[in-house]
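Structure data follow from structure_14.cif (mmCIF, C-alpha atoms and all ligand atoms):
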data_data
#
loop_
_atom_site.label_atom_id
_atom_site.label_comp_id
_atom_site.auth_asym_id
_atom_site.auth_seq_id
_atom_site.Cartn_x
_atom_site.Cartn_y
_atom_site.Cartn_z
CA MET C 1 0.00 0.00 0.00
CA LEU C 2 1.21 3.53 -0.79
CA ILE C 3 0.59 6.18 1.84
CA LEU C 4 0.78 9.95 1.47
CA GLY C 5 1.94 11.49 4.76
CA ILE C 6 1.42 15.17 5.58
CA GLU C 7 3.11 16.99 8.50
CA THR C 8 2.68 20.67 9.42
CA SER C 9 2.73 20.64 13.23
CA CYS C 10 5.45 23.25 13.70
CA ASP C 11 7.71 25.03 11.20
CA GLU C 12 8.32 22.30 8.64
CA THR C 13 5.90 21.79 5.76
CA ALA C 14 6.42 18.15 4.83
CA ALA C 15 4.92 15.48 2.57
CA ALA C 16 6.14 11.97 1.85
CA ILE C 17 5.10 8.82 0.06
CA ILE C 18 5.97 5.49 1.58
CA LYS C 19 5.28 1.96 0.50
CA GLY C 20 4.24 -0.40 3.29
CA GLU C 21 4.24 -4.18 2.90
CA LYS C 22 3.59 -7.06 5.26
CA LYS C 23 6.12 -9.85 4.73
CA PRO C 24 6.02 -13.44 5.95
CA GLY C 25 6.98 -13.85 9.61
CA GLY C 26 5.19 -10.67 10.68
CA ILE C 27 7.88 -8.38 9.28
CA TYR C 28 6.78 -5.01 7.99
CA LYS C 29 8.76 -3.40 5.20
CA LEU C 30 8.42 0.36 4.94
CA SER C 31 10.23 1.98 2.01
CA VAL C 32 10.37 5.74 1.50
CA LEU C 33 9.61 6.74 -2.11
CA SER C 34 9.81 10.48 -1.40
CA ASN C 35 10.35 12.67 1.65
CA VAL C 36 9.99 16.40 0.97
CA ILE C 37 10.56 19.00 3.69
CA SER C 38 10.27 22.74 3.29
CA SER C 39 11.90 24.19 6.40
CA GLN C 40 11.12 27.67 7.71
CA ILE C 41 14.15 27.80 10.02
CA ASP C 42 15.70 30.74 8.15
CA ILE C 43 12.51 32.77 8.52
CA HIS C 44 12.10 32.14 12.26
CA ARG C 45 15.81 32.47 13.12
CA GLN C 46 15.56 36.29 13.16
CA PHE C 47 12.93 35.99 15.93
CA GLY C 48 14.94 33.44 17.96
CA GLY C 49 12.08 30.92 17.80
CA VAL C 50 8.99 29.87 15.85
CA VAL C 51 6.34 32.58 15.40
CA PRO C 52 3.06 30.63 15.08
CA GLU C 53 1.20 33.00 12.75
CA VAL C 54 4.18 33.34 10.43
CA ALA C 55 4.55 29.54 10.41
CA ALA C 56 0.88 29.03 9.51
CA ARG C 57 1.06 31.48 6.61
CA GLU C 58 4.17 29.77 5.26
CA HIS C 59 2.43 26.38 5.45
CA VAL C 60 -0.46 27.73 3.38
CA LEU C 61 1.97 28.85 0.68
CA ASN C 62 4.04 25.67 0.72
CA ILE C 63 1.70 22.77 1.32
CA ILE C 64 0.49 22.15 -2.26
CA PRO C 65 3.93 22.54 -3.92
CA VAL C 66 5.42 20.21 -1.27
CA ILE C 67 2.73 17.55 -1.89
CA ASP C 68 3.21 17.94 -5.68
CA GLU C 69 6.93 17.37 -5.27
CA ALA C 70 6.39 14.32 -3.05
CA LEU C 71 4.07 12.77 -5.66
CA ASN C 72 6.43 13.69 -8.49
CA THR C 73 9.54 12.27 -6.81
CA ALA C 74 7.65 9.05 -6.08
CA GLY C 75 6.74 8.83 -9.80
CA ILE C 76 3.02 9.37 -9.23
CA LYS C 77 1.14 11.69 -11.59
CA LYS C 78 -1.36 13.88 -9.75
CA THR C 79 -4.13 12.60 -12.02
CA ASP C 80 -3.28 9.01 -10.96
CA ALA C 81 -2.98 9.75 -7.23
CA ARG C 82 -6.48 8.53 -6.34
CA LYS C 83 -5.78 5.16 -8.02
CA LYS C 84 -2.20 4.69 -6.83
CA LEU C 85 -2.45 5.81 -3.20
CA GLY C 86 -4.09 3.67 -0.53
CA THR C 87 -4.36 6.14 2.35
CA ILE C 88 -3.67 9.73 3.38
CA ALA C 89 -2.12 10.18 6.84
CA VAL C 90 -1.91 13.56 8.52
CA THR C 91 -0.59 14.90 11.83
CA ALA C 92 -3.65 15.97 13.83
CA GLY C 93 -1.65 17.08 16.92
CA PRO C 94 0.02 17.97 19.20
CA GLY C 95 1.64 21.07 17.75
CA LEU C 96 0.87 24.68 16.92
CA ILE C 97 -2.85 24.82 16.26
CA THR C 98 -2.73 27.21 13.29
CA SER C 99 0.03 25.13 11.68
CA LEU C 100 -1.81 21.86 12.30
CA ILE C 101 -5.02 23.22 10.74
CA CYS C 102 -3.25 23.79 7.44
CA GLY C 103 -2.12 20.16 7.10
CA VAL C 104 -5.36 18.71 8.43
CA GLU C 105 -7.63 20.75 6.15
CA THR C 106 -5.46 19.90 3.13
CA ALA C 107 -5.58 16.18 3.97
CA LYS C 108 -9.36 16.30 4.46
CA THR C 109 -9.82 18.02 1.09
CA LEU C 110 -7.64 15.46 -0.69
CA SER C 111 -9.39 12.58 1.08
CA PHE C 112 -12.74 13.91 -0.14
CA ALA C 113 -11.56 14.76 -3.66
CA TRP C 114 -9.62 11.53 -4.23
CA LYS C 115 -12.03 9.32 -2.23
CA LEU C 116 -9.16 7.95 -0.18
CA PRO C 117 -9.34 6.81 3.44
CA LEU C 118 -7.92 9.23 5.97
CA VAL C 119 -5.78 8.45 9.04
CA SER C 120 -5.29 10.89 11.90
CA VAL C 121 -1.75 10.56 13.33
CA ASN C 122 -0.40 11.69 16.69
CA HIS C 123 2.87 13.58 16.08
CA ILE C 124 4.74 11.68 18.84
CA ALA C 125 3.52 8.34 17.46
CA GLY C 126 4.95 9.53 14.14
CA HIS C 127 8.37 10.14 15.73
CA ILE C 128 8.20 6.64 17.26
CA TYR C 129 7.26 4.97 13.95
CA ALA C 130 10.31 6.59 12.30
CA ASN C 131 12.10 3.61 13.89
CA PHE C 132 10.15 1.19 11.65
CA ILE C 133 11.31 2.73 8.36
CA ASP C 134 13.78 0.62 6.35
CA GLN C 135 13.82 -2.22 8.90
CA LYS C 136 14.52 -5.78 7.85
CA THR C 137 13.74 -7.53 11.13
CA LYS C 138 10.81 -7.67 13.49
CA PHE C 139 10.67 -5.66 16.71
CA ASN C 140 9.60 -7.56 19.78
CA PHE C 141 7.42 -5.95 22.42
CA PRO C 142 7.43 -4.54 25.04
CA ALA C 143 9.52 -1.70 23.70
CA ILE C 144 10.70 1.38 25.57
CA ILE C 145 11.06 4.51 23.48
CA LEU C 146 12.91 7.60 24.64
CA THR C 147 11.07 10.38 22.80
CA VAL C 148 12.92 13.68 22.87
CA SER C 149 11.77 16.65 20.81
CA GLY C 150 11.34 20.40 21.04
CA GLY C 151 7.98 20.10 22.78
CA HIS C 152 8.16 16.67 24.47
CA THR C 153 10.39 14.47 26.57
CA MET C 154 8.73 11.16 27.26
CA LEU C 155 9.47 7.56 28.05
CA VAL C 156 6.90 5.51 26.20
CA LEU C 157 6.02 1.87 26.75
CA MET C 158 4.86 0.28 23.50
CA THR C 159 3.20 -3.11 24.01
CA ASN C 160 2.08 -3.61 20.42
CA TYR C 161 1.51 -1.66 17.20
CA GLY C 162 -0.65 1.30 18.20
CA LYS C 163 -0.52 0.51 21.93
CA PHE C 164 1.35 3.24 23.80
CA LYS C 165 1.58 4.24 27.45
CA THR C 166 3.52 7.24 28.73
CA ILE C 167 5.52 6.05 31.74
CA GLY C 168 7.65 9.15 32.28
CA GLU C 169 7.66 12.73 31.05
CA THR C 170 9.14 16.11 31.73
CA ARG C 171 7.71 18.12 34.59
CA ASP C 172 8.78 21.40 32.98
CA ASP C 173 10.95 22.00 29.89
CA ALA C 174 11.38 19.45 27.13
CA ALA C 175 14.93 18.35 26.29
CA GLY C 176 14.90 20.16 22.91
CA GLU C 177 13.46 23.26 24.55
CA ALA C 178 16.30 23.11 27.11
CA PHE C 179 18.85 22.93 24.27
CA ASP C 180 17.15 25.89 22.55
CA LYS C 181 17.12 28.01 25.75
CA ALA C 182 20.72 27.10 26.64
CA ALA C 183 21.90 28.12 23.16
CA GLN C 184 20.04 31.42 23.45
CA LEU C 185 21.68 32.01 26.83
CA LEU C 186 25.11 31.31 25.38
CA GLY C 187 24.30 33.52 22.38
CA ILE C 188 25.08 30.81 19.82
CA GLY C 189 21.94 30.79 17.70
CA TYR C 190 18.77 28.99 16.76
CA PRO C 191 17.80 26.15 16.69
CA GLY C 192 19.72 25.43 19.86
CA GLY C 193 20.28 21.67 19.58
CA PRO C 194 22.57 21.73 16.55
CA ALA C 195 24.24 24.95 17.83
CA ILE C 196 25.09 23.39 21.23
CA ALA C 197 26.32 20.20 19.54
CA ALA C 198 28.55 22.22 17.19
CA GLU C 199 30.14 24.11 20.12
CA ALA C 200 30.41 21.02 22.35
CA ILE C 201 32.45 19.15 19.77
CA LYS C 202 35.13 21.86 19.93
CA PHE C 203 35.76 21.16 23.61
CA ASN C 204 38.69 18.92 24.40
CA PRO C 205 38.95 18.24 28.16
CA VAL C 206 42.57 17.06 27.94
CA ASP C 207 43.76 20.20 26.15
CA SER C 208 45.28 22.25 29.00
CA LYS C 209 44.75 25.52 27.11
CA GLN C 210 41.01 24.85 27.05
CA ASN C 211 40.99 23.89 30.70
CA SER C 212 40.43 27.38 32.02
CA LYS C 213 39.27 27.74 35.61
CA PRO C 214 36.80 27.34 37.16
CA LYS C 215 35.71 24.09 35.55
CA VAL C 216 32.10 24.15 34.38
CA SER C 217 29.96 21.76 36.37
CA LEU C 218 26.20 21.38 35.97
CA PRO C 219 23.67 19.19 37.83
CA ARG C 220 22.03 16.03 36.45
CA PRO C 221 18.42 16.78 37.52
CA MET C 222 16.43 13.87 38.99
CA ILE C 223 19.10 11.34 38.01
CA ASN C 224 19.01 9.61 41.39
CA SER C 225 15.24 9.57 41.82
CA PRO C 226 13.51 6.24 41.11
CA GLU C 227 10.80 8.01 39.10
CA LEU C 228 10.89 8.03 35.32
CA ASP C 229 10.03 11.73 35.03
CA PHE C 230 12.46 14.41 33.91
CA SER C 231 13.04 18.06 34.80
CA PHE C 232 15.26 20.35 32.77
CA SER C 233 14.34 23.85 33.86
CA GLY C 234 16.70 23.73 36.89
CA LEU C 235 19.54 22.77 34.59
CA LYS C 236 18.89 25.83 32.46
CA THR C 237 18.86 28.02 35.59
CA ALA C 238 22.11 26.44 36.84
CA LEU C 239 23.68 27.23 33.47
CA LEU C 240 22.40 30.81 33.65
CA TYR C 241 23.95 31.37 37.10
CA GLN C 242 27.30 29.88 36.13
CA VAL C 243 27.43 31.92 32.93
CA LYS C 244 26.52 35.10 34.84
CA LYS C 245 29.22 34.46 37.44
CA ASP C 246 31.89 33.28 35.01
CA PRO C 247 35.06 35.22 35.99
CA ILE C 248 36.29 35.62 32.41
CA ARG C 249 32.91 36.90 31.21
CA LEU C 250 32.68 39.25 34.21
CA ARG C 251 36.22 40.55 33.69
CA GLU C 252 36.40 40.79 29.91
CA GLY C 253 32.74 40.96 28.78
CA GLU C 254 30.75 38.62 26.54
CA LYS C 255 32.24 39.93 23.29
CA CYS C 256 35.83 39.04 24.18
CA LEU C 257 37.64 36.14 22.57
CA ASN C 258 38.50 34.47 25.88
CA TRP C 259 34.81 34.19 26.77
CA LYS C 260 33.99 32.83 23.29
CA LYS C 261 36.69 30.20 23.82
CA ARG C 262 34.96 29.11 26.99
CA ILE C 263 31.56 28.49 25.34
CA PRO C 264 32.49 24.97 24.08
CA GLU C 265 33.06 23.82 27.67
CA TYR C 266 29.65 25.15 28.75
CA ALA C 267 27.99 23.57 25.71
CA SER C 268 29.73 20.24 26.27
CA GLU C 269 28.83 20.07 29.97
CA PHE C 270 25.22 21.07 29.25
CA GLN C 271 24.89 18.46 26.50
CA GLN C 272 26.47 15.78 28.70
CA SER C 273 24.16 16.57 31.58
CA VAL C 274 21.08 16.09 29.38
CA ILE C 275 22.53 12.90 27.86
CA ASP C 276 23.39 11.40 31.29
CA VAL C 277 19.84 11.92 32.56
CA LEU C 278 18.19 10.62 29.37
CA ILE C 279 20.27 7.44 29.28
CA ASN C 280 19.93 6.75 33.01
CA LYS C 281 16.12 7.04 32.91
CA THR C 282 15.86 4.91 29.77
CA LEU C 283 17.86 2.11 31.42
CA LYS C 284 15.67 2.34 34.54
CA ALA C 285 12.51 2.11 32.40
CA ALA C 286 13.88 -0.80 30.34
CA ASN C 287 14.72 -2.77 33.50
CA LYS C 288 11.42 -1.99 35.16
CA TYR C 289 9.30 -3.05 32.17
CA LYS C 290 11.59 -5.89 31.00
CA ALA C 291 11.94 -4.32 27.58
CA LYS C 292 12.79 -6.50 24.59
CA THR C 293 13.44 -3.47 22.38
CA ILE C 294 14.67 0.06 23.07
CA MET C 295 14.24 2.88 20.57
CA LEU C 296 15.09 6.55 20.31
CA ALA C 297 12.82 9.16 18.71
CA GLY C 298 12.35 12.91 18.13
CA GLY C 299 14.43 15.86 17.00
CA VAL C 300 16.95 15.67 19.86
CA SER C 301 17.81 12.14 18.71
CA ALA C 302 19.66 13.86 15.84
CA ASN C 303 22.32 14.62 18.46
CA LYS C 304 25.43 12.62 17.54
CA GLU C 305 26.75 12.28 21.09
CA LEU C 306 23.36 11.11 22.35
CA ARG C 307 23.10 8.54 19.56
CA GLN C 308 26.60 7.22 20.28
CA GLN C 309 26.43 7.16 24.07
CA PHE C 310 22.88 5.75 24.03
CA SER C 311 24.04 2.86 21.80
CA GLU C 312 27.13 2.19 23.90
CA SER C 313 25.25 2.19 27.22
CA ILE C 314 22.46 -0.06 26.03
CA THR C 315 24.77 -2.48 24.25
CA ASN C 316 26.96 -2.74 27.38
CA LYS C 317 24.33 -2.76 30.07
CA LEU C 318 21.45 -4.55 28.33
CA PRO C 319 23.14 -6.69 25.66
CA LYS C 320 20.08 -8.91 25.12
CA VAL C 321 17.79 -6.01 24.31
CA LYS C 322 17.40 -5.03 20.65
CA LEU C 323 18.31 -1.42 20.09
CA ASN C 324 17.10 0.78 17.26
CA ILE C 325 17.96 4.36 16.42
CA PRO C 326 16.12 5.97 13.49
CA GLY C 327 17.98 7.18 10.41
CA LEU C 328 19.19 10.76 10.92
CA LYS C 329 16.84 12.20 8.29
CA TYR C 330 13.83 10.73 10.11
CA THR C 331 14.65 12.23 13.53
CA THR C 332 13.57 15.86 13.13
CA ASP C 333 10.08 16.63 11.82
CA ASN C 334 9.29 14.91 8.52
CA ALA C 335 6.29 13.33 6.83
CA ALA C 336 7.79 9.88 6.18
CA MET C 337 7.34 9.13 9.89
CA ILE C 338 3.70 10.27 9.68
CA ALA C 339 3.12 8.03 6.66
CA ALA C 340 4.79 5.15 8.56
CA ALA C 341 2.42 5.64 11.51
CA GLY C 342 -0.43 5.93 8.98
CA TYR C 343 0.49 2.57 7.47
CA PHE C 344 0.20 0.73 10.79
CA GLN C 345 -3.05 2.53 11.63
CA ALA C 346 -4.47 1.66 8.20
CA GLU C 347 -3.47 -2.00 8.78
CA GLN C 348 -5.63 -1.84 11.92
CA LYS C 349 -8.45 -0.07 10.01
CA ASP C 350 -8.02 2.93 12.29
CA PHE C 351 -9.48 5.42 9.79
CA CYS C 352 -11.33 8.64 10.46
CA ASP C 353 -14.14 10.45 8.71
CA TRP C 354 -12.87 13.54 6.89
CA LYS C 355 -15.99 15.40 7.97
CA LYS C 356 -15.14 14.85 11.62
CA LEU C 357 -11.35 15.25 11.77
CA LYS C 358 -10.14 18.34 13.61
CA ALA C 359 -6.64 19.58 14.39
CA ASN C 360 -6.01 19.19 18.12
CA ASN C 361 -2.99 20.81 19.78
CA ASN C 362 -3.55 18.65 22.88
CA HIS C 363 -3.69 15.37 20.96
CA GLU C 364 -2.75 12.53 23.34
CA LEU C 365 -0.54 9.54 22.61
CA LYS C 366 -2.61 6.44 23.36
O1 LIG H 1 11.07 16.69 16.74
P1 LIG H 1 11.46 18.07 16.34
O2 LIG H 1 12.00 18.26 14.96
O3 LIG H 1 10.26 19.04 16.53
C1 LIG H 1 9.35 18.89 17.57
O4 LIG H 1 8.47 18.00 17.48
O5 LIG H 1 9.51 19.63 18.56
O6 LIG H 1 12.53 18.55 17.43
C2 LIG H 1 13.08 19.82 17.38
C3 LIG H 1 14.05 19.95 18.54
C4 LIG H 1 14.59 21.36 18.71
O7 LIG H 1 14.44 21.73 20.07
C5 LIG H 1 16.04 21.24 18.32
O8 LIG H 1 16.89 22.11 19.02
C6 LIG H 1 16.33 19.78 18.68
O9 LIG H 1 15.18 19.09 18.32
N1 LIG H 1 17.49 19.26 17.93
C7 LIG H 1 18.62 18.85 18.53
C8 LIG H 1 19.52 18.52 17.49
N2 LIG H 1 18.88 18.74 16.29
C9 LIG H 1 17.63 19.18 16.59
N3 LIG H 1 18.96 18.76 19.83
C10 LIG H 1 20.20 18.34 20.12
N4 LIG H 1 21.11 18.03 19.18
C11 LIG H 1 20.82 18.10 17.87
N5 LIG H 1 21.74 17.79 16.96
ZN ZN H 2 8.49 16.63 16.20
#
I'd like the structure from this file rewritten - as structure tokens, please.
Ligand code: KG4
Ligand code: ZN
Amino acid sequence: MLILGIETSCDETAAAIIKGEKKPGGIYKLSVLSNVISSQIDIHRQFGGVVPEVAAREHVLNIIPVIDEALNTAGIKKTDARKKLGTIAVTAGPGLITSLICGVETAKTLSFAWKLPLVSVNHIAGHIYANFIDQKTKFNFPAIILTVSGGHTMLVLMTNYGKFKTIGETRDDAAGEAFDKAAQLLGIGYPGGPAIAAEAIKFNPVDSKQNSKPKVSLPRPMINSPELDFSFSGLKTALLYQVKKDPIRLREGEKCLNWKKRIPEYASEFQQSVIDVLINKTLKAANKYKAKTIMLAGGVSANKELRQQFSESITNKLPKVKLNIPGLKYTTDNAAMIAAAGYFQAEQKDFCDWKKLKANNNHELK
């Protein structure tokens, strides 16, 4: 079955076509025929974050050309779309309501015009299903998924296709949000995740020239608590206080070269603090729920250090558990992941009536 996926929950207008097949032995093969993303990052950068009304207007301009390109790249003529496609899957929420409405209304119109069944996808479920793209083996359940994005930080227990339970979540800031705020605080740009990662990689702890005093040291919030919840706002505050009190910054100002040279150490310590907490809580959850599979999902899972350290920890500490990390291009917002979720929902006949579907910024993962 071919699925058209549509994603407009934040500042990426995205459409993708994937082919989903059920193979013998319960293996699902999901192949991406096209994955088109029109990013608005350059527009929002000047504001230091996403401006919802600007995002919605951009989606309106981009959505049809992006869908056209997705069909074209997949070798589907628009006039043949109703015959070739099996389902349309769209992100219904959570996200920015005005952005979501654009994708949802477009999907409803196409569903009506092309007489194709419609699937309403939860954005977080989409991030999770990114793990199922291009897989050759079967995942065994229960699975624990660490879902880390700009708006969410969750530990999800997946007991079967379409069966999710949130077993831990952030009590304040999401991990991606923490990266974005930390980068803003360090004055290194937007979006914060890639900016922090780019600075962190410059830090070499054994290089004595970089080892200026005092050493940057940040807390690992909630790491020793048995709960599976997270909290990142205290980490951001701790960073703020250390930056404010930094002797070099106080003495020479934030424009001086010596302060700029110190930013990689702050970025590296901040990144490591987030990674330590995320990995620790994932291991706790995997042990508690006797996970057979562990997966990573969401925009923050684009972080190279997180991907590497997550793999190393799980391979060392839980060698019998199957580990999966999605392909880099399926970590940040895209429509292939929405089409992937749509495929599994369509397999379970989880369709919705186009007349009834509404964008919902509080959409819950169930
Ligand atoms: O999943 P996503 O694309 O959008 C949401 O659903 O929120 O995630 C975006 C978040 C942003 O906060 C961004 O800073 C973060 O993912 N991010 C990263 C990296 N790339 C994107 N965080 C850490 N390291 C990265 N390399
Ligand atoms: Zn996302």
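Comparing C:Val274, C:Thr159, C:Thr147, C:Thr137 by their smallest distance to Ala182 (chain C), the closest is C:Val274 (using only C-alpha atoms).
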Nearby polymer residues, ligand ZN 2 (chain H), at most 8 Å, all atoms listed in the file, as a ChimeraX atom specification:
/C:9-10,123-124,127,149-151,298-299,332-334
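Each of C:Val51, C:Ala291, C:Ala336, C:Val300 was compared to Leu323 (chain C) using all atoms listed in the file, and C:Ala291 turns out to be the nearest.
Distance annotation: of C:Thr293, C:Thr8, C:Thr237, C:Gln242, the residue with the minimal separation from ligand LIG 1 (chain H) is C:Thr8; atom set is all atoms listed in the file.
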**Request:** Produce as a VMD selection string the set of residues near ligand LIG 1 (chain H), where near means within 10 Å with all atoms listed in the file considered.
**Result:** chain C and resid 9 to 12 49 94 to 95 123 to 124 126 to 127 147 to 153 174 to 183 190 to 198 271 274 to 275 297 to 307 328 330 to 334
Notebook entry, point to check: Quick one: residues within 9 Å of Ile128 (chain C), all atoms listed in the file counted, chain neighbours fewer than 6 positions away excluded, as a ChimeraX atom specification?
Noted result: /C:145-147,295-298,326,337,341
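Using all atoms listed in the file, the nearest neighbour of Ala340 (chain C) within the list C:Thr73, C:Ser217, C:Thr109, C:Asn131 is C:Asn131.
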re CA of Phe351 (chain C) and CA of Pro117 (chain C): distance 6.5 Å
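All residues of protein, DNA or RNA that reach within 8 Å of Asn361 (chain C), judged by only C-alpha atoms and not counting those fewer than 5 positions away in the chain, are Ala92, Gly93, Pro94, Gly95, Leu96, Ile97 and Leu100 of chain C.
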Mind dumping the selected residues with C-alpha atoms as a compact mmCIF listing (two decimals), in the frame of the given file?
# COMPACT_ATOMS: atom_id res chain seq x y z
CA ALA C 92 -3.65 15.97 13.83
CA GLY C 93 -1.65 17.08 16.92
CA PRO C 94 0.02 17.97 19.20
CA GLY C 95 1.64 21.07 17.75
CA LEU C 96 0.87 24.68 16.92
CA ILE C 97 -2.85 24.82 16.26
CA LEU C 100 -1.81 21.86 12.30
- Task: Could you give me, as a ChimeraX atom specification, the residues within 12 Å of Tyr266 (chain C), counting only C-alpha atoms and dropping anything in the same chain fewer than 3 positions from it?
- Result: /C:179,182-183,185-188,196-205,210-212,214-218,235-236,238-243,246,259-263,269-273
Box dimensions and centre (Å, one decimal) enclosing region 63-68 of chain C, axis-aligned, 5 Å extra per side, as lines of an AutoDock Vina configuration file:
center_x = 3.0
center_y = 20.2
center_z = -2.2
size_x = 14.9
size_y = 15.2
size_z = 17.0
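What separates CA of Pro264 (chain C) from CA of Pro221 (chain C) is a distance of 21.1 Å.
With CA of Lys163 (chain C) on one side and CA of Thr315 (chain C) on the other, the separation reads 25.6 Å.
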Closest of C:Ile17, C:Val156, C:Leu116, C:Ile6 to Asp229 (chain C), counting all atoms listed in the file, is C:Val156
Can you list, as a PyMOL selection string, every protein, DNA or RNA residue that comes within 10 Å of region 24-30 of chain C when you count all atoms listed in the file, leaving out same-chain residues fewer than 2 positions away?
chain C and resi 1-2+18-22+32-33+130+132-139+336+339-340+343-344
Contacts of Ile279 (chain C) at 10 Å or less, counting only C-alpha atoms, minus same-chain residues fewer than 6 places along, as a PDB file with C-alpha atoms, in the frame of the given file?
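Dumped to selection22.pdb:
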ATOM      1  CA  LEU C 146      12.910   7.600  24.640  1.00  0.00           C
ATOM      2  CA  ILE C 223      19.100  11.340  38.010  1.00  0.00           C
ATOM      3  CA  ALA C 285      12.510   2.110  32.400  1.00  0.00           C
ATOM      4  CA  LEU C 306      23.360  11.110  22.350  1.00  0.00           C
ATOM      5  CA  GLN C 309      26.430   7.160  24.070  1.00  0.00           C
ATOM      6  CA  PHE C 310      22.880   5.750  24.030  1.00  0.00           C
ATOM      7  CA  SER C 311      24.040   2.860  21.800  1.00  0.00           C
ATOM      8  CA  SER C 313      25.250   2.190  27.220  1.00  0.00           C
ATOM      9  CA  ILE C 314      22.460  -0.060  26.030  1.00  0.00           C
TER      10      ILE C 314
END
Using all atoms listed in the file, the residue out of C:Asn360, C:Asn160, C:Ser111, C:Thr170 with shortest distance to Ser231 (chain C) is C:Thr170
